[in-house]
Structures are given as structure tokens and as C-alpha cells.
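Dumped input.txt below, it's compact mmCIF, C-alpha atoms:
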```txt
# COMPACT_ATOMS: atom_id res chain seq x y z
CA MET A 1 -25.18 13.97 -0.82
CA ASN A 2 -25.03 10.18 -0.87
CA PRO A 3 -23.44 8.46 -3.86
CA GLU A 4 -25.63 6.66 -6.39
CA SER A 5 -22.97 4.19 -7.47
CA ILE A 6 -19.34 3.11 -7.32
CA ILE A 7 -17.07 3.17 -10.38
CA LEU A 8 -13.89 1.11 -10.59
CA ILE A 9 -11.61 2.45 -13.32
CA SER A 10 -8.75 0.27 -14.52
CA PHE A 11 -5.64 2.10 -15.68
CA GLY A 12 -3.51 -0.40 -17.55
CA TYR A 13 -3.80 -4.05 -18.43
CA PHE A 14 -5.40 -6.42 -15.94
CA GLU A 15 -6.24 -10.09 -16.18
CA SER A 16 -9.53 -10.77 -17.91
CA GLY A 17 -12.37 -10.85 -15.42
CA LEU A 18 -10.36 -9.61 -12.43
CA LEU A 19 -12.68 -6.70 -11.63
CA GLU A 20 -15.74 -8.86 -12.18
CA LYS A 21 -14.48 -11.28 -9.50
CA VAL A 22 -14.80 -8.60 -6.81
CA LEU A 23 -17.83 -6.59 -7.97
CA HIS A 24 -20.44 -8.59 -6.07
CA ASP A 25 -18.62 -8.28 -2.75
CA VAL A 26 -18.13 -4.54 -3.18
CA GLU A 27 -21.84 -4.13 -4.00
CA GLN A 28 -22.77 -6.24 -0.95
CA GLU A 29 -20.55 -4.27 1.41
CA TYR A 30 -21.75 -0.81 0.32
CA LEU A 31 -25.23 -1.66 -1.03
CA LEU A 32 -24.59 0.30 -4.22
CA PRO A 33 -24.29 -0.75 -7.86
CA VAL A 34 -20.69 -1.03 -9.08
CA ARG A 35 -19.64 -0.25 -12.64
CA THR A 36 -16.27 -0.71 -14.29
CA LYS A 37 -14.57 1.18 -17.06
CA GLU A 38 -11.12 1.77 -18.49
CA GLY A 39 -9.20 4.99 -18.08
CA HIS A 40 -6.00 6.35 -19.56
CA ILE A 41 -3.34 8.46 -17.88
CA ASP A 42 0.25 9.10 -18.88
CA LEU A 43 1.86 7.56 -15.80
CA SER A 44 5.28 9.00 -16.61
CA GLU A 45 4.13 12.29 -15.05
CA TYR A 46 3.79 10.55 -11.68
CA TYR A 47 6.99 8.53 -11.75
CA ASN A 48 9.70 9.44 -9.27
CA PRO A 49 13.04 8.12 -10.61
CA ALA A 50 14.82 8.61 -7.28
CA ARG A 51 12.39 6.15 -5.67
CA ASN A 52 11.59 4.07 -8.75
CA GLN A 53 7.93 4.40 -7.72
CA TYR A 54 4.82 6.41 -8.52
CA ASP A 55 3.58 9.33 -6.43
CA ALA A 56 0.24 8.23 -4.96
CA ASN A 57 -0.69 11.71 -3.76
CA LYS A 58 -0.43 13.16 -7.27
CA LEU A 59 -2.23 10.18 -8.83
CA LEU A 60 -5.07 10.45 -6.32
CA LYS A 61 -5.51 14.16 -7.08
CA GLU A 62 -5.57 13.38 -10.82
CA ILE A 63 -8.27 10.72 -10.37
CA ASP A 64 -10.31 13.09 -8.24
CA THR A 65 -9.98 15.98 -10.72
CA ARG A 66 -10.44 14.14 -14.00
CA PHE A 67 -12.58 11.10 -13.28
CA ALA A 68 -14.65 11.56 -10.10
CA THR A 69 -18.11 13.09 -9.96
CA GLY A 70 -20.31 14.15 -7.08
CA ASP A 71 -22.80 11.30 -7.44
CA THR A 72 -20.27 8.42 -7.44
CA LYS A 73 -17.41 6.99 -5.45
CA THR A 74 -14.57 6.47 -7.90
CA LEU A 75 -11.60 4.16 -7.39
CA GLY A 76 -8.69 4.17 -9.83
CA ILE A 77 -6.91 0.82 -10.09
CA PHE A 78 -3.27 0.62 -11.11
CA ASN A 79 -0.48 -1.93 -11.36
CA VAL A 80 2.44 0.27 -10.33
CA ASP A 81 4.44 0.63 -7.12
CA LEU A 82 2.88 3.51 -5.15
CA PHE A 83 4.45 5.66 -2.46
CA ILE A 84 3.69 8.63 -0.28
CA PRO A 85 6.62 10.62 1.11
CA ILE A 86 6.38 9.27 4.67
CA LEU A 87 6.11 5.57 3.71
CA THR A 88 8.24 3.15 1.71
CA TYR A 89 5.17 1.99 -0.24
CA ILE A 90 1.40 1.82 -0.01
CA PHE A 91 -1.29 -0.48 -1.40
CA GLY A 92 -3.72 2.40 -1.94
CA GLN A 93 -5.23 5.52 -0.49
CA ALA A 94 -8.39 7.61 -0.64
CA PHE A 95 -9.70 10.99 0.35
CA LEU A 96 -11.42 10.53 3.71
CA ASN A 97 -15.12 11.19 3.16
CA GLY A 98 -14.25 12.17 -0.40
CA ARG A 99 -15.31 10.96 -3.79
CA SER A 100 -12.19 9.11 -4.92
CA GLY A 101 -9.39 6.74 -4.11
CA ILE A 102 -6.71 4.60 -5.73
CA ALA A 103 -5.44 1.06 -5.25
CA SER A 104 -2.58 -0.85 -6.82
CA LEU A 105 -2.13 -4.54 -7.53
CA TYR A 106 1.64 -4.16 -7.68
CA ARG A 107 2.47 -5.55 -4.23
CA LEU A 108 -0.45 -7.98 -3.89
CA ARG A 109 0.97 -11.00 -5.74
CA ASN A 110 2.86 -13.76 -3.92
CA GLU A 111 5.49 -13.83 -6.68
CA ARG A 112 6.64 -10.34 -5.63
CA TYR A 113 7.84 -11.93 -2.39
CA GLY A 114 9.35 -15.09 -3.85
CA ILE A 115 6.35 -17.21 -2.91
CA LYS A 116 4.45 -19.61 -5.16
CA LYS A 117 1.77 -17.99 -7.33
CA ASP A 118 -1.75 -18.20 -5.89
CA GLU A 119 -4.53 -16.48 -7.86
CA GLU A 120 -7.09 -17.02 -5.10
CA ILE A 121 -4.97 -15.20 -2.51
CA PHE A 122 -4.19 -12.44 -5.04
CA THR A 123 -7.88 -11.91 -5.84
CA GLU A 124 -8.79 -11.90 -2.14
CA ARG A 125 -6.14 -9.26 -1.39
CA PHE A 126 -7.41 -7.20 -4.32
CA ARG A 127 -11.01 -7.46 -3.04
CA LYS A 128 -9.98 -6.33 0.44
CA GLU A 129 -7.93 -3.38 -0.83
CA ILE A 130 -10.80 -2.08 -2.97
CA ILE A 131 -13.31 -2.38 -0.13
CA HIS A 132 -10.80 -0.80 2.31
CA GLU A 133 -10.04 2.25 0.16
CA LEU A 134 -13.72 2.78 -0.64
CA GLY A 135 -14.36 2.64 3.11
CA HIS A 136 -12.14 5.69 3.57
CA SER A 137 -14.06 7.52 0.85
CA PHE A 138 -17.23 6.77 2.83
CA GLY A 139 -15.67 8.38 5.92
CA LEU A 140 -14.34 5.28 7.70
CA ILE A 141 -10.98 5.45 9.47
CA HIS A 142 -8.65 2.58 10.34
CA CYS A 143 -10.20 0.09 12.73
CA PRO A 144 -8.46 -1.74 15.60
CA ASN A 145 -10.54 -4.91 15.01
CA PRO A 146 -8.05 -7.45 13.56
CA THR A 147 -10.60 -9.02 11.21
CA CYS A 148 -12.24 -5.80 9.95
CA VAL A 149 -11.41 -4.84 6.37
CA MET A 150 -10.73 -1.30 7.63
CA ARG A 151 -7.78 -2.47 9.73
CA SER A 152 -4.58 -0.80 8.54
CA SER A 153 -2.31 -2.98 6.39
CA THR A 154 1.42 -2.36 6.24
CA TYR A 155 2.29 -5.76 4.74
CA VAL A 156 0.40 -8.28 2.59
CA GLU A 157 0.30 -10.57 5.63
CA ASP A 158 -1.83 -7.89 7.32
CA ILE A 159 -4.25 -7.99 4.39
CA ASP A 160 -4.37 -11.79 4.58
CA GLN A 161 -5.35 -11.75 8.26
CA LYS A 162 -8.47 -9.64 7.86
CA SER A 163 -11.77 -10.40 6.17
CA HIS A 164 -13.29 -8.46 3.28
CA HIS A 165 -16.16 -7.31 5.49
CA LEU A 166 -16.69 -4.29 7.70
CA CYS A 167 -17.00 -5.12 11.38
CA SER A 168 -20.24 -4.22 13.17
CA LYS A 169 -18.73 -0.98 14.51
CA CYS A 170 -17.60 0.18 11.05
CA SER A 171 -20.92 -0.91 9.50
CA ALA A 172 -22.75 1.20 12.07
CA GLU A 173 -20.43 4.16 11.37
CA LEU A 174 -21.06 3.78 7.62
CA LEU A 175 -24.81 3.82 8.21
CA LYS A 176 -24.50 6.87 10.46
CA ASN A 177 -22.44 8.68 7.80
CA GLU A 178 -24.99 7.80 5.10
CA ASN A 179 -27.88 9.06 7.22
CA ALA A 180 -25.99 12.29 7.95
CA GLY A 181 -25.67 12.85 4.20
CA LYS A 182 -29.42 12.66 3.57
```
Render the structure in this file as C-alpha cells.
Amino acid sequence: MNPESIILISFGYFESGLLEKVLHDVEQEYLLPVRTKEGHIDLSEYYNPARNQYDANKLLKEIDTRFATGDTKTLGIFNVDLFIPILTYIFGQAFLNGRSGIASLYRLRNERYGIKKDEEIFTERFRKEIIHELGHSFGLIHCPNPTCVMRSSTYVEDIDQKSHHLCSKCSAELLKNENAGK
């Protein structure tokens, strides 16, 4: 079954208008209407004091269980430092060909790295992360094309080097996956 829409759920405080700045590009990339809403989760349940980070696997399962539905792609947006056991940190993750994903703003700001604040770069990184994680939920895997939004990103510099668009190969794969779901 193909999704009817995409829902971006903010968990926590975000700058006014941040989600609205990326909605159009997400709609253009996936040709679906995008809605936003606020959600509430007690994040203390996901905090790992030994790592001083939040367990992304558990958060993703919570989003999928409590907030996702069969007719939408749902992305939970957080502002906490995420990890999975095999990596030091992650920007986000999603169930491959699933209905949900998560992304965090925590490591997307220049100030985190001792660099001058730049809202335009921050917003662009945020846009790319949302489109990237949604791509996984639509069945797309990491792409070797250096400018494709589905290229894997280990560091923010990796995010900066790619565009917020799917390459032609990933666009074709997305279309093939959509047609298979009809």
C-alpha cells in the first residue's frame, strides 16, 4: 500500500518556522502532501547515562508503535544526541521500506563544532536529513553518488557535500517501489 501523506512530528522545542522551511522540498521530492504536528514522549526512558546519549533504536520503535499508521510515512524529529550500539552517533535512522523514521538536529549546527553560527547551512542539513531518512522508509538504500541525498553521511561535512535531491537512479528506484506497491 502506498502512503497518502508524510507526517513530521516534532518532539521538543524547535525554532519557529523550522519545519515549514523544509516542507516544500520534502513534498517535491516525494510528491506527497506533508503535515506537521507536535508529539510528546518522556525521553528519559531512552537516555543511556553511560553514553550520555539517547538510544535511537528504542526511539524509532516507539515512534513506529505509537505514532505511525499504515497510510502515512512518519518521521519523528528530536534535538537530542542519538546513538546505535555500533556507532558513536547518528543523525537519524528509519525502517527500510517501513512506515517510520527519526532524525535529530543535535549534531547539525555549526556551533556544535566550534564554527560560526549559520542558519542557512543548519536548515539545509536539516532538509537533507529529513529527505534522506524518508528515503529509507520508501525502500531506498545508501547511494554511491556523491551528490545524491541518499549518500551515507558520517559527518556533517558529508551532509554538506550532497544535494537535497535524489539522483536519477534513486528516483527511478523510488518510482519502481511505488509501482510495486500498487
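Nearest residue to Ser100 in chain A, choosing from A:Thr123, A:Thr72, A:Gln161, A:Asn79 and counting only C-alpha atoms: A:Thr72.
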* Go through A:Ile84, A:Ile90, A:Ile77, A:Val149 and flag the residue nearest Ile102 in chain A, using only C-alpha atoms for the distances. =>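 Selected residue with least distance to Ile102 in chain A: A:Ile77.
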Can you build me a table of range 52-166 of chain A residues sitting at most 12 Å from range 14-19 of chain A, with the closest atom pair per residue and its distance in Å to one decimal, using all atoms listed in the file, sorted by chain and residue number, as a tab-separated table?
```
residue	atom	partner	partner_atom	distance
A:Leu75	CA	A:Leu19	CA	11.7
A:Gly76	CA	A:Leu19	CA	11.7
A:Ile77	CA	A:Phe14	CA	9.4
A:Phe78	CA	A:Phe14	CA	8.8
A:Asn79	CA	A:Phe14	CA	8.1
A:Val80	CA	A:Phe14	CA	11.7
A:Ser104	CA	A:Phe14	CA	11.1
A:Leu105	CA	A:Phe14	CA	9.2
A:Tyr106	CA	A:Phe14	CA	11.1
A:Glu119	CA	A:Leu18	CA	10.1
A:Glu120	CA	A:Leu18	CA	10.9
A:Phe122	CA	A:Leu18	CA	10.0
A:Thr123	CA	A:Leu18	CA	7.4
A:Glu124	CA	A:Leu18	CA	10.7
A:Arg125	CA	A:Leu18	CA	11.8
A:Phe126	CA	A:Leu18	CA	9.0
A:Arg127	CA	A:Leu19	CA	8.8
A:Ile130	CA	A:Leu19	CA	10.0
```
* Nearby residues (all atoms listed in the file) at most 9 Å from Leu23 in chain A, same-chain spacing under 6 positions excluded, as an NGL selection string -> :A and (33-36 or 127)
* Which polymer residues have any atom within 12 Å of an atom of Glu173 in chain A, counting only C-alpha atoms, with same-chain residues fewer than 2 positions away left out, as number ranges by chain? -> A: 135-136, 138-143, 150, 166-171, 175-180
Could you name the residues that touch Val26 in chain A at 10 Å or less, counting all atoms listed in the file, but leaving out those on the same chain fewer than 2 positions away, as a PDB file with C-alpha atoms, in the coordinates of the input?
```
ATOM      1  CA  ILE A   6     -19.340   3.110  -7.320  1.00  0.00           C
ATOM      2  CA  LYS A  21     -14.480 -11.280  -9.500  1.00  0.00           C
ATOM      3  CA  VAL A  22     -14.800  -8.600  -6.810  1.00  0.00           C
ATOM      4  CA  LEU A  23     -17.830  -6.590  -7.970  1.00  0.00           C
ATOM      5  CA  HIS A  24     -20.440  -8.590  -6.070  1.00  0.00           C
ATOM      6  CA  GLN A  28     -22.770  -6.240  -0.950  1.00  0.00           C
ATOM      7  CA  GLU A  29     -20.550  -4.270   1.410  1.00  0.00           C
ATOM      8  CA  TYR A  30     -21.750  -0.810   0.320  1.00  0.00           C
ATOM      9  CA  LEU A  31     -25.230  -1.660  -1.030  1.00  0.00           C
ATOM     10  CA  LEU A  32     -24.590   0.300  -4.220  1.00  0.00           C
ATOM     11  CA  PRO A  33     -24.290  -0.750  -7.860  1.00  0.00           C
ATOM     12  CA  VAL A  34     -20.690  -1.030  -9.080  1.00  0.00           C
ATOM     13  CA  ARG A 127     -11.010  -7.460  -3.040  1.00  0.00           C
ATOM     14  CA  LYS A 128      -9.980  -6.330   0.440  1.00  0.00           C
ATOM     15  CA  ILE A 130     -10.800  -2.080  -2.970  1.00  0.00           C
ATOM     16  CA  ILE A 131     -13.310  -2.380  -0.130  1.00  0.00           C
ATOM     17  CA  HIS A 132     -10.800  -0.800   2.310  1.00  0.00           C
ATOM     18  CA  LEU A 134     -13.720   2.780  -0.640  1.00  0.00           C
ATOM     19  CA  HIS A 164     -13.290  -8.460   3.280  1.00  0.00           C
ATOM     20  CA  HIS A 165     -16.160  -7.310   5.490  1.00  0.00           C
TER      21      HIS A 165
END
```
Excluding Gly39 in chain A and any residue of its chain fewer than 2 positions from it, enumerate the residues within 8 Å of it, using only C-alpha atoms, and give them as a PDB file with C-alpha atoms, keeping the file's coordinate frame.
```pdb
ATOM      1  CA  ILE A   9     -11.610   2.450 -13.320  1.00  0.00           C
ATOM      2  CA  SER A  10      -8.750   0.270 -14.520  1.00  0.00           C
ATOM      3  CA  PHE A  11      -5.640   2.100 -15.680  1.00  0.00           C
ATOM      4  CA  GLY A  12      -3.510  -0.400 -17.550  1.00  0.00           C
ATOM      5  CA  LYS A  37     -14.570   1.180 -17.060  1.00  0.00           C
ATOM      6  CA  ILE A  41      -3.340   8.460 -17.880  1.00  0.00           C
TER       7      ILE A  41
END
```
* **CA of Lys73 in chain A to CA of Ala172 in chain A, distance in Å rounded to a single decimal** => 19.2 Å
* **Å distance separating CA of Ser153 in chain A from CA of Tyr89 in chain A, one decimal place** =>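 Calculated distance between CA of Ser153 in chain A and CA of Tyr89 in chain A is 11.2 Å.
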* Shell of 8 Å around Asp160 in chain A, all atoms listed in the file, local chain residues under 3 positions omitted, as a ChimeraX atom specification -> /A:121,125,156-157,163
* To do: May I have the residues at most 12 Å from (-19.2, 12.9, -8.3) in the file's coordinates, counting only C-alpha atoms, as a VMD selection string?
  => chain A and resid 1 to 7 63 to 75 98 to 100 137
Kindly list the centre and edge lengths in Å, rounded to one decimal, for the axis-aligned box that covers all listed atoms of range 71-90 of chain A plus 6 Å on each of its six sides, as AutoDock Vina command-line options.
```
--center_x -7.3 --center_y 4.7 --center_z -3.3 --size_x 43.0 --size_y 25.2 --size_z 28.0
```
* Computed interatomic separation between CA of Leu96 in chain A and CA of Asn57 in chain A (Å) -> 13.1 Å
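With distances taken over all atoms listed in the file, A:Arg107 is the one residue among A:Arg107, A:Arg112, A:Lys117, A:Arg51 lying closest to Gly92 in chain A.
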